[in-house]
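To start, the structure under review is shown below, and the notes come after it.
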Amino acid sequence: MRVAIFGAGRIGPLHARTLLGADGVDSISITDLVPERAAAAAAELGLAHVEAVELAMDAADAVVITASTDDHPALIRAAVERGLPTFCEKPLAASLAESIEITSVVEASGAPFHLGFQRRFDPAYVEARRLIDSGEIGTIHTISMRSHDPEPASEEFIASSGGMFSDLSIHDLDALRFLTGQEAAEVFCYGTARGFPLYEKYGDYANAVALIRLADGTPVSATWTRHDPRGHDVRTEVFGSRDSVAIGLGPRTPLRSVEPGVPPPAGPPWHIFLDRWDDAYRDELLAFVDVARGKRPSPCSARDGVEALRLAAALTLSAREGRAVPLAEVPS
Ligand SMILES: NC(=O)c1ccc[n+]([C@@H]2O[C@H](COP(=O)([O-])OP(=O)(O)OC[C@H]3O[C@@H](n4cnc5c(N)ncnc54)[C@H](O)[C@@H]3O)[C@@H](O)[C@H]2O)c1
């Protein structure tokens with residue numbers, strides 16, 4: 001299989017490394033709007049550098065999209081209209097409207113499509129989902145989630161990211177659906193750019209808290225921030241009638257207790273998404289190779305991407321208008 005990667009920024013080369021060792025992958029090309037970035041990644045990893053998107057697509061058997069979010073729809077369209085199995089990093093698109101449109105194109109093409117929400121491959125999320133499914137947690141009384149980035153990304157990234165809820169929060173929004181198998185009924189959200197006026201320039205937020213009511217009434221709370229001085233802190237706690245479990249709580253949790261006599265976490269804190277999700281990124285890309293070879297169905301569809309973006313759109317509306325937003329108000 002010849003795989004073409006589009007986007008040689010932070011995550012493109014990471015996925016290239018996984019594919020280099022993957023069974024069934026014969027060659028990898030990399031393409032970026034900034035040719036020097038693709039050339040540098042190609043030289044470092046021993047990939048082919050192809051400058052033109054069309055040429056790279058024409059020579060590919062499968063496509064991996066790791067370009068900036070606002071370019072996802074055009075690249076997805078080019079790939080699936082050629083019938084190529086396609087992996088695309090989250091989020092599906094920068095806006096809900098574009099995500100709905102591109103999902104129709106993906107579904108009409110029949111091409112295998114895998115959206116990259118790597119938490120679906122993280123062992124702790126998989127175990128929490130099993131405990132919920134099997135009833136070992138019991139009735140879920142409440143869920144609490146947080147994703148804290150260590151520091152803001154570049155201005156170039158912020159400008160093309162689609163905003164905090166589509167870019168950062170979206171991982172929790174997909175994970176919530178993955179864990180519970182439920183859709184949200186209503187959200188309320190309060191966001192600020194406190195500490196980071198750059199986000200304000202793009203009408204975006206750097207910190208937010210949200211309340212989400214699931215279809216069965218389960219209350220969920222979440223916090224998100226772009227700056228956590230201790231590292232990349234991603235945790236989810238599920239509190240049920242039979243058990244209470246935590247994802248992301250361990251020796252590498254970037255948080256210290258101020259209880260007397262309690263030692264700090266033993267390990268080095270998770271620093272950034274690249275070390276926090278290393279294994280999950282590898283397993284999702286290997287799963288994509290199997291999707292592309294027809295060995296398994298997609299573990300995350302374009303439609304899943306739309307549902308996560310519907311929640312992000314509801315949070316954005318709520319933060320802007322200062323009111324609760326029923327999901328029924330958001331297009332699907
Ligand atoms: N799953 C995760 O945890 C995770 C983590 C980081 C990034 N991402 C996603 O991956 C994507 C890339 O993120 P990043 O951090 O690597 O961003 P980045 O800004 O570091 O890199 C993006 C690269 O894409 C290139 N590019 C833009 N349009 C292109 C096009 N049409 N063709 C080819 N190249 C193009 C840019 O020049 C840039 O080099 C984003 O959608 C982001 O949301 C996901």
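Ligands are numbered from 1 in the order shown, residues from 1 within each chain, and chains are lettered A, B, ... in the order they appear in the structure tokens.
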Once you count only C-alpha atoms and all ligand atoms, which residues end up within 7 Å of ligand 1, and could you hand them over as a CSV table (one decimal) with C-alpha atoms, in the first residue's frame?
```
chain,number,residue,atom,x,y,z
A,6,PHE,CA,-0.9,15.7,3.8
A,7,GLY,CA,0.5,18.0,6.5
A,8,ALA,CA,4.0,18.0,7.9
A,9,GLY,CA,3.4,20.0,11.1
A,10,ARG,CA,3.4,18.6,14.6
A,11,ILE,CA,1.3,15.4,14.1
A,12,GLY,CA,2.0,14.4,10.4
A,31,THR,CA,3.1,16.9,1.1
A,32,ASP,CA,2.7,20.3,2.8
A,33,LEU,CA,1.6,23.7,1.6
A,34,VAL,CA,5.0,24.8,3.0
A,37,ARG,CA,8.3,21.4,6.1
A,53,VAL,CA,-1.4,17.6,-3.7
A,66,THR,CA,-2.8,15.8,9.1
A,67,ALA,CA,-3.1,19.3,7.6
A,68,SER,CA,-4.6,22.3,9.3
A,69,THR,CA,-8.2,21.9,10.2
A,71,ASP,CA,-8.2,22.4,4.9
A,75,LEU,CA,-8.4,17.2,1.1
A,89,GLU,CA,-7.3,14.0,12.0
A,90,LYS,CA,-10.0,15.5,14.2
A,91,PRO,CA,-11.9,17.7,13.9
A,116,GLY,CA,-8.8,10.4,14.3
A,117,PHE,CA,-10.2,10.5,17.8
A,118,GLN,CA,-7.3,8.6,19.4
A,156,GLU,CA,-1.0,30.1,12.7
A,157,PHE,CA,-2.7,27.1,14.4
A,161,SER,CA,-8.2,25.5,14.3
A,167,ASP,CA,-10.3,21.8,18.5
A,273,PHE,CA,-0.3,15.5,23.7
```
Can you pull out every residue from range 65-199 of chain A that DSSP, working from the backbone, puts in strand (DSSP E), and format the result as JSON, numbers by chain?
{"A": [65, 86, 87, 88, 89, 113, 114, 115, 116, 140, 141, 142, 143, 144, 145, 146, 147, 148, 184, 185, 186, 187, 188, 189, 190, 191, 192]}
Can you tell me how far CA of Gly46 in chain A sits from CA of Leu274 in chain A, in Å to one decimal?
20.9 Å
Quick one: of A:Ala22, A:Ile76, A:Leu173, A:Ile30, who's nearest to Asp290 in chain A, counting only C-alpha atoms?
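Using only C-alpha atoms, Asp290 in chain A sits closest to A:Ala22.
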Go through range 260-303 of chain A and collect every residue that DSSP, computed from the backbone, puts in helix (DSSP H, G or I); the answer should be as a PDB file with all heavy atoms, in the first residue's frame.
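Output contents, as saved in part-v4.pdb:
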```
ATOM      1  N   PHE A 273       0.537  16.582  24.334  1.00  0.00           N
ATOM      2  CA  PHE A 273      -0.270  15.502  23.749  1.00  0.00           C
ATOM      3  C   PHE A 273       0.585  14.398  23.131  1.00  0.00           C
ATOM      4  O   PHE A 273       0.216  13.238  23.132  1.00  0.00           O
ATOM      5  CB  PHE A 273      -1.284  16.055  22.743  1.00  0.00           C
ATOM      6  CG  PHE A 273      -0.691  16.757  21.543  1.00  0.00           C
ATOM      7  CD1 PHE A 273      -0.386  16.047  20.389  1.00  0.00           C
ATOM      8  CD2 PHE A 273      -0.452  18.117  21.549  1.00  0.00           C
ATOM      9  CE1 PHE A 273       0.133  16.680  19.273  1.00  0.00           C
ATOM     10  CE2 PHE A 273       0.076  18.769  20.442  1.00  0.00           C
ATOM     11  CZ  PHE A 273       0.376  18.050  19.306  1.00  0.00           C
ATOM     12  N   LEU A 274       1.756  14.766  22.621  1.00  0.00           N
ATOM     13  CA  LEU A 274       2.583  13.772  21.927  1.00  0.00           C
ATOM     14  C   LEU A 274       3.041  12.653  22.859  1.00  0.00           C
ATOM     15  O   LEU A 274       3.103  11.496  22.459  1.00  0.00           O
ATOM     16  CB  LEU A 274       3.794  14.452  21.271  1.00  0.00           C
ATOM     17  CG  LEU A 274       3.426  15.457  20.175  1.00  0.00           C
ATOM     18  CD1 LEU A 274       4.630  16.291  19.773  1.00  0.00           C
ATOM     19  CD2 LEU A 274       2.831  14.759  18.964  1.00  0.00           C
ATOM     20  N   ASP A 275       3.375  12.965  24.122  1.00  0.00           N
ATOM     21  CA  ASP A 275       3.765  11.863  25.019  1.00  0.00           C
ATOM     22  C   ASP A 275       2.565  11.242  25.730  1.00  0.00           C
ATOM     23  O   ASP A 275       2.542  10.054  26.014  1.00  0.00           O
ATOM     24  CB  ASP A 275       4.898  12.252  26.000  1.00  0.00           C
ATOM     25  CG  ASP A 275       4.488  13.253  27.061  1.00  0.00           C
ATOM     26  OD1 ASP A 275       3.461  13.934  26.869  1.00  0.00           O
ATOM     27  OD2 ASP A 275       5.203  13.370  28.078  1.00  0.00           O
ATOM     28  N   ARG A 276       1.515  12.052  25.961  1.00  0.00           N
ATOM     29  CA  ARG A 276       0.323  11.525  26.656  1.00  0.00           C
ATOM     30  C   ARG A 276      -0.347  10.409  25.850  1.00  0.00           C
ATOM     31  O   ARG A 276      -0.881   9.444  26.408  1.00  0.00           O
ATOM     32  CB  ARG A 276      -0.657  12.680  26.914  1.00  0.00           C
ATOM     33  CG  ARG A 276      -2.018  12.271  27.484  1.00  0.00           C
ATOM     34  CD  ARG A 276      -1.884  11.836  28.933  1.00  0.00           C
ATOM     35  NE  ARG A 276      -3.169  11.660  29.583  1.00  0.00           N
ATOM     36  CZ  ARG A 276      -3.875  10.527  29.579  1.00  0.00           C
ATOM     37  NH1 ARG A 276      -3.432   9.476  28.924  1.00  0.00           N
ATOM     38  NH2 ARG A 276      -5.017  10.443  30.227  1.00  0.00           N
ATOM     39  N   ASP A 278       0.901   8.683  23.010  1.00  0.00           N
ATOM     40  CA  ASP A 278       1.808   7.974  22.113  1.00  0.00           C
ATOM     41  C   ASP A 278       1.255   6.616  21.652  1.00  0.00           C
ATOM     42  O   ASP A 278       1.164   6.335  20.451  1.00  0.00           O
ATOM     43  CB  ASP A 278       3.140   7.784  22.873  1.00  0.00           C
ATOM     44  CG  ASP A 278       4.281   7.617  21.912  1.00  0.00           C
ATOM     45  OD1 ASP A 278       4.139   8.076  20.766  1.00  0.00           O
ATOM     46  OD2 ASP A 278       5.298   7.009  22.292  1.00  0.00           O
ATOM     47  N   ASP A 279       0.867   5.777  22.605  1.00  0.00           N
ATOM     48  CA  ASP A 279       0.394   4.430  22.259  1.00  0.00           C
ATOM     49  C   ASP A 279      -0.949   4.481  21.515  1.00  0.00           C
ATOM     50  O   ASP A 279      -1.185   3.707  20.581  1.00  0.00           O
ATOM     51  CB  ASP A 279       0.214   3.575  23.523  1.00  0.00           C
ATOM     52  CG  ASP A 279       1.556   3.283  24.186  1.00  0.00           C
ATOM     53  OD1 ASP A 279       2.610   3.524  23.549  1.00  0.00           O
ATOM     54  OD2 ASP A 279       1.561   2.833  25.355  1.00  0.00           O
ATOM     55  N   ALA A 280      -1.803   5.404  21.947  1.00  0.00           N
ATOM     56  CA  ALA A 280      -3.129   5.496  21.308  1.00  0.00           C
ATOM     57  C   ALA A 280      -2.990   5.953  19.852  1.00  0.00           C
ATOM     58  O   ALA A 280      -3.682   5.446  18.962  1.00  0.00           O
ATOM     59  CB  ALA A 280      -4.027   6.457  22.083  1.00  0.00           C
ATOM     60  N   TYR A 281      -2.080   6.918  19.604  1.00  0.00           N
ATOM     61  CA  TYR A 281      -1.856   7.360  18.214  1.00  0.00           C
ATOM     62  C   TYR A 281      -1.368   6.196  17.358  1.00  0.00           C
ATOM     63  O   TYR A 281      -1.783   6.016  16.217  1.00  0.00           O
ATOM     64  CB  TYR A 281      -0.796   8.469  18.156  1.00  0.00           C
ATOM     65  CG  TYR A 281      -1.231   9.825  18.678  1.00  0.00           C
ATOM     66  CD1 TYR A 281      -0.386  10.560  19.507  1.00  0.00           C
ATOM     67  CD2 TYR A 281      -2.443  10.393  18.310  1.00  0.00           C
ATOM     68  CE1 TYR A 281      -0.748  11.813  19.973  1.00  0.00           C
ATOM     69  CE2 TYR A 281      -2.809  11.636  18.779  1.00  0.00           C
ATOM     70  CZ  TYR A 281      -1.965  12.345  19.609  1.00  0.00           C
ATOM     71  OH  TYR A 281      -2.327  13.582  20.064  1.00  0.00           O
ATOM     72  N   ARG A 282      -0.457   5.393  17.920  1.00  0.00           N
ATOM     73  CA  ARG A 282       0.075   4.250  17.155  1.00  0.00           C
ATOM     74  C   ARG A 282      -1.063   3.266  16.838  1.00  0.00           C
ATOM     75  O   ARG A 282      -1.248   2.854  15.692  1.00  0.00           O
ATOM     76  CB  ARG A 282       1.175   3.554  17.975  1.00  0.00           C
ATOM     77  CG  ARG A 282       1.845   2.403  17.218  1.00  0.00           C
ATOM     78  CD  ARG A 282       2.553   1.460  18.173  1.00  0.00           C
ATOM     79  NE  ARG A 282       1.615   0.887  19.134  1.00  0.00           N
ATOM     80  CZ  ARG A 282       1.830   0.789  20.456  1.00  0.00           C
ATOM     81  NH1 ARG A 282       2.949   1.186  20.984  1.00  0.00           N
ATOM     82  NH2 ARG A 282       0.898   0.276  21.256  1.00  0.00           N
ATOM     83  N   ASP A 283      -1.848   2.925  17.866  1.00  0.00           N
ATOM     84  CA  ASP A 283      -2.878   1.907  17.654  1.00  0.00           C
ATOM     85  C   ASP A 283      -3.967   2.385  16.697  1.00  0.00           C
ATOM     86  O   ASP A 283      -4.511   1.590  15.927  1.00  0.00           O
ATOM     87  CB  ASP A 283      -3.484   1.487  19.007  1.00  0.00           C
ATOM     88  CG  ASP A 283      -2.459   0.705  19.840  1.00  0.00           C
ATOM     89  OD1 ASP A 283      -1.408   0.304  19.285  1.00  0.00           O
ATOM     90  OD2 ASP A 283      -2.691   0.510  21.047  1.00  0.00           O
ATOM     91  N   GLU A 284      -4.285   3.701  16.727  1.00  0.00           N
ATOM     92  CA  GLU A 284      -5.339   4.153  15.798  1.00  0.00           C
ATOM     93  C   GLU A 284      -4.830   4.114  14.358  1.00  0.00           C
ATOM     94  O   GLU A 284      -5.562   3.754  13.448  1.00  0.00           O
ATOM     95  CB  GLU A 284      -5.901   5.535  16.172  1.00  0.00           C
ATOM     96  CG  GLU A 284      -5.021   6.695  15.825  1.00  0.00           C
ATOM     97  CD  GLU A 284      -5.706   8.054  15.962  1.00  0.00           C
ATOM     98  OE1 GLU A 284      -6.931   8.145  16.092  1.00  0.00           O
ATOM     99  OE2 GLU A 284      -4.945   9.052  15.919  1.00  0.00           O
ATOM    100  N   LEU A 285      -3.554   4.452  14.133  1.00  0.00           N
ATOM    101  CA  LEU A 285      -3.033   4.424  12.756  1.00  0.00           C
ATOM    102  C   LEU A 285      -2.921   2.992  12.243  1.00  0.00           C
ATOM    103  O   LEU A 285      -3.201   2.717  11.070  1.00  0.00           O
ATOM    104  CB  LEU A 285      -1.669   5.122  12.701  1.00  0.00           C
ATOM    105  CG  LEU A 285      -1.659   6.475  11.976  1.00  0.00           C
ATOM    106  CD1 LEU A 285      -1.754   6.308  10.467  1.00  0.00           C
ATOM    107  CD2 LEU A 285      -2.829   7.345  12.439  1.00  0.00           C
ATOM    108  N   LEU A 286      -2.524   2.066  13.140  1.00  0.00           N
ATOM    109  CA  LEU A 286      -2.464   0.661  12.721  1.00  0.00           C
ATOM    110  C   LEU A 286      -3.880   0.158  12.420  1.00  0.00           C
ATOM    111  O   LEU A 286      -4.086  -0.625  11.494  1.00  0.00           O
ATOM    112  CB  LEU A 286      -1.781  -0.200  13.794  1.00  0.00           C
ATOM    113  CG  LEU A 286      -0.285   0.151  14.008  1.00  0.00           C
ATOM    114  CD1 LEU A 286       0.313  -0.701  15.114  1.00  0.00           C
ATOM    115  CD2 LEU A 286       0.522  -0.012  12.720  1.00  0.00           C
ATOM    116  N   ALA A 287      -4.850   0.644  13.186  1.00  0.00           N
ATOM    117  CA  ALA A 287      -6.251   0.278  12.898  1.00  0.00           C
ATOM    118  C   ALA A 287      -6.642   0.812  11.523  1.00  0.00           C
ATOM    119  O   ALA A 287      -7.335   0.140  10.749  1.00  0.00           O
ATOM    120  CB  ALA A 287      -7.180   0.829  13.977  1.00  0.00           C
ATOM    121  N   PHE A 288      -6.178   2.037  11.198  1.00  0.00           N
ATOM    122  CA  PHE A 288      -6.520   2.590   9.876  1.00  0.00           C
ATOM    123  C   PHE A 288      -5.944   1.724   8.754  1.00  0.00           C
ATOM    124  O   PHE A 288      -6.596   1.527   7.724  1.00  0.00           O
ATOM    125  CB  PHE A 288      -6.033   4.039   9.722  1.00  0.00           C
ATOM    126  CG  PHE A 288      -6.171   4.517   8.303  1.00  0.00           C
ATOM    127  CD1 PHE A 288      -7.434   4.617   7.711  1.00  0.00           C
ATOM    128  CD2 PHE A 288      -5.050   4.821   7.530  1.00  0.00           C
ATOM    129  CE1 PHE A 288      -7.576   5.012   6.383  1.00  0.00           C
ATOM    130  CE2 PHE A 288      -5.184   5.215   6.211  1.00  0.00           C
ATOM    131  CZ  PHE A 288      -6.443   5.313   5.635  1.00  0.00           C
ATOM    132  N   VAL A 289      -4.728   1.227   8.945  1.00  0.00           N
ATOM    133  CA  VAL A 289      -4.149   0.353   7.908  1.00  0.00           C
ATOM    134  C   VAL A 289      -5.072  -0.839   7.684  1.00  0.00           C
ATOM    135  O   VAL A 289      -5.346  -1.226   6.542  1.00  0.00           O
ATOM    136  CB  VAL A 289      -2.711  -0.088   8.303  1.00  0.00           C
ATOM    137  CG1 VAL A 289      -2.177  -1.128   7.315  1.00  0.00           C
ATOM    138  CG2 VAL A 289      -1.774   1.120   8.362  1.00  0.00           C
ATOM    139  N   ASP A 290      -5.614  -1.388   8.771  1.00  0.00           N
ATOM    140  CA  ASP A 290      -6.556  -2.512   8.634  1.00  0.00           C
ATOM    141  C   ASP A 290      -7.863  -2.069   7.969  1.00  0.00           C
ATOM    142  O   ASP A 290      -8.451  -2.808   7.180  1.00  0.00           O
ATOM    143  CB  ASP A 290      -6.855  -3.123  10.011  1.00  0.00           C
ATOM    144  CG  ASP A 290      -5.701  -4.004  10.484  1.00  0.00           C
ATOM    145  OD1 ASP A 290      -4.829  -4.336   9.649  1.00  0.00           O
ATOM    146  OD2 ASP A 290      -5.664  -4.352  11.684  1.00  0.00           O
ATOM    147  N   VAL A 291      -8.324  -0.848   8.292  1.00  0.00           N
ATOM    148  CA  VAL A 291      -9.534  -0.316   7.642  1.00  0.00           C
ATOM    149  C   VAL A 291      -9.269  -0.207   6.131  1.00  0.00           C
ATOM    150  O   VAL A 291     -10.080  -0.635   5.306  1.00  0.00           O
ATOM    151  CB  VAL A 291      -9.905   1.085   8.216  1.00  0.00           C
ATOM    152  CG1 VAL A 291     -10.996   1.749   7.383  1.00  0.00           C
ATOM    153  CG2 VAL A 291     -10.351   0.960   9.675  1.00  0.00           C
ATOM    154  N   ALA A 292      -8.099   0.330   5.786  1.00  0.00           N
ATOM    155  CA  ALA A 292      -7.766   0.534   4.368  1.00  0.00           C
ATOM    156  C   ALA A 292      -7.649  -0.800   3.626  1.00  0.00           C
ATOM    157  O   ALA A 292      -7.956  -0.882   2.439  1.00  0.00           O
ATOM    158  CB  ALA A 292      -6.458   1.319   4.250  1.00  0.00           C
ATOM    159  N   ALA A 302     -17.335   9.565   9.768  1.00  0.00           N
ATOM    160  CA  ALA A 302     -17.543  11.001   9.543  1.00  0.00           C
ATOM    161  C   ALA A 302     -18.775  11.467  10.332  1.00  0.00           C
ATOM    162  O   ALA A 302     -18.806  12.571  10.882  1.00  0.00           O
ATOM    163  CB  ALA A 302     -17.726  11.273   8.054  1.00  0.00           C
ATOM    164  N   ARG A 303     -19.789  10.600  10.424  1.00  0.00           N
ATOM    165  CA  ARG A 303     -21.009  10.963  11.167  1.00  0.00           C
ATOM    166  C   ARG A 303     -20.683  11.189  12.653  1.00  0.00           C
ATOM    167  O   ARG A 303     -21.230  12.081  13.289  1.00  0.00           O
ATOM    168  CB  ARG A 303     -22.025   9.817  10.983  1.00  0.00           C
ATOM    169  CG  ARG A 303     -23.438  10.082  11.425  1.00  0.00           C
ATOM    170  CD  ARG A 303     -24.139  11.224  10.728  1.00  0.00           C
ATOM    171  NE  ARG A 303     -24.212  11.145   9.285  1.00  0.00           N
ATOM    172  CZ  ARG A 303     -24.711  12.129   8.519  1.00  0.00           C
ATOM    173  NH1 ARG A 303     -25.182  13.241   9.068  1.00  0.00           N
ATOM    174  NH2 ARG A 303     -24.722  12.020   7.213  1.00  0.00           N
TER     175      ARG A 303
END
```
Using Å and a single decimal, report how far CA of Val234 in chain A sits from CA of Pro219 in chain A.
19.0 Å
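The closest residue to His49 in chain A, picked from A:Pro112, A:Pro13, A:Pro35, A:Pro229 and counting only C-alpha atoms, is A:Pro35.
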Env of Phe113 in chain A: 9 Å cut, atoms = only C-alpha atoms, seq-sep filter 3 positions within chain, self excluded. Answer as number ranges by chain.
A: 80, 84-88, 106-107, 110, 288, 291-292, 298, 300-302
How close does range 155-271 of chain A get to range 307-314 of chain A? List, as a Markdown table, each residue of range 155-271 of chain A within 7 Å, its nearest atom pair and the distance in Å to one decimal, counting only C-alpha atoms.
```
| residue | atom | partner | partner_atom | distance |
| --- | --- | --- | --- | --- |
| A:Phe165 | CA | A:Ala312 | CA | 5.0 |
| A:Ser166 | CA | A:Ala312 | CA | 5.4 |
| A:Ile170 | CA | A:Ala308 | CA | 6.2 |
| A:Leu173 | CA | A:Ala308 | CA | 5.6 |
| A:Asp174 | CA | A:Ala308 | CA | 5.4 |
| A:Val187 | CA | A:Ala314 | CA | 6.7 |
```
Counting only C-alpha atoms, which of A:Ala206, A:Ala43, A:Ala185, A:Met1 gets nearest to Ala153 in chain A?
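Once distances to Ala153 in chain A are computed over only C-alpha atoms, the minimum belongs to A:Ala206.
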For range 142-181 of chain A versus range 248-260 of chain A, which residues have an atom no more than 10 Å away, and what is each residue's nearest atom pair and distance in Å rounded to one decimal, using only C-alpha atoms, chain-then-number order, as CSV?
```
residue,atom,partner,partner_atom,distance
A:Arg146,CA,A:Gly248,CA,9.9
A:His148,CA,A:Pro254,CA,9.7
A:Pro150,CA,A:Pro254,CA,9.6
```
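Of the listed residues A:Glu237, A:Glu36, A:Glu101, A:Asp26, the one whose atoms come nearest to Ile132 in chain A is A:Glu237, with distances taken using only C-alpha atoms.
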Name the residues in contact with Glu81 in chain A at a cut-off of 7 Å, using only C-alpha atoms, excluding same-chain residues fewer than 3 positions from it; report them as a PDB file with all heavy atoms, in the first residue's frame.
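As written to disk, result.pdb reads:
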```
ATOM      1  N   ARG A  77     -12.379  15.513   0.356  1.00  0.00           N
ATOM      2  CA  ARG A  77     -13.128  15.403  -0.897  1.00  0.00           C
ATOM      3  C   ARG A  77     -12.234  14.824  -2.000  1.00  0.00           C
ATOM      4  O   ARG A  77     -12.615  13.882  -2.714  1.00  0.00           O
ATOM      5  CB  ARG A  77     -13.665  16.779  -1.312  1.00  0.00           C
ATOM      6  CG  ARG A  77     -14.469  16.753  -2.599  1.00  0.00           C
ATOM      7  CD  ARG A  77     -14.874  18.161  -3.003  1.00  0.00           C
ATOM      8  NE  ARG A  77     -15.909  18.720  -2.158  1.00  0.00           N
ATOM      9  CZ  ARG A  77     -17.219  18.544  -2.351  1.00  0.00           C
ATOM     10  NH1 ARG A  77     -17.636  17.836  -3.374  1.00  0.00           N
ATOM     11  NH2 ARG A  77     -18.108  19.085  -1.535  1.00  0.00           N
ATOM     12  N   ALA A  78     -11.020  15.396  -2.127  1.00  0.00           N
ATOM     13  CA  ALA A  78     -10.102  14.935  -3.175  1.00  0.00           C
ATOM     14  C   ALA A  78      -9.794  13.446  -3.003  1.00  0.00           C
ATOM     15  O   ALA A  78      -9.687  12.704  -3.986  1.00  0.00           O
ATOM     16  CB  ALA A  78      -8.807  15.755  -3.135  1.00  0.00           C
ATOM     17  N   SER A 109     -19.470   8.510  -1.492  1.00  0.00           N
ATOM     18  CA  SER A 109     -18.312   7.917  -2.190  1.00  0.00           C
ATOM     19  C   SER A 109     -18.171   6.424  -1.879  1.00  0.00           C
ATOM     20  O   SER A 109     -17.625   5.670  -2.673  1.00  0.00           O
ATOM     21  CB  SER A 109     -17.029   8.638  -1.774  1.00  0.00           C
ATOM     22  OG  SER A 109     -16.628   8.221  -0.474  1.00  0.00           O
TER      23      SER A 109
END
```
Rank nothing, just name the residue among A:Trp270, A:Tyr199, A:Trp277, A:Phe188 nearest to Leu327 in chain A, using only C-alpha atoms.
A:Phe188
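Take CA of Gly240 in chain A and CA of Pro299 in chain A: the distance between them is 26.6 Å.
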Please identify all polymer residues within 12 Å of Ser244 in chain A, counting only C-alpha atoms, omitting same-chain residues fewer than 5 positions from it, and present them as a PyMOL selection string.
chain A and resi 128+131-132+136-144+236-239
Ala74 in chain A environment, 10 Å, only C-alpha atoms, sequence neighbours closer than 5 positions dropped, as a list in words:
Ala79, Ala93, Glu98 and Ile102 of chain A
Could you turn the residues from that selection into a file that holds C-alpha atoms, as a short mmCIF file (atom, residue, chain, number, x, y, z; two decimals), in the first residue's frame?
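Saved the output as again.cif:
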```cif
data_model
loop_
_atom_site.label_atom_id
_atom_site.label_comp_id
_atom_site.auth_asym_id
_atom_site.auth_seq_id
_atom_site.Cartn_x
_atom_site.Cartn_y
_atom_site.Cartn_z
CA ALA A 79 -9.30 11.60 -1.51
CA ALA A 93 -13.85 20.46 9.63
CA GLU A 98 -18.74 22.12 6.34
CA ILE A 102 -18.31 16.71 3.64
#
```
Test item: residues at most 7 Å from Ala60 in chain A, only C-alpha atoms, excluding those fewer than 5 positions along its chain, as a list in words:
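The residues satisfying every condition are Arg2, Val3 and Ala4 of chain A.
Using only C-alpha atoms, the smallest distance between any of A:Asp149, A:Glu186, A:Glu155, A:Asp228 and Glu200 in chain A comes from A:Glu155.
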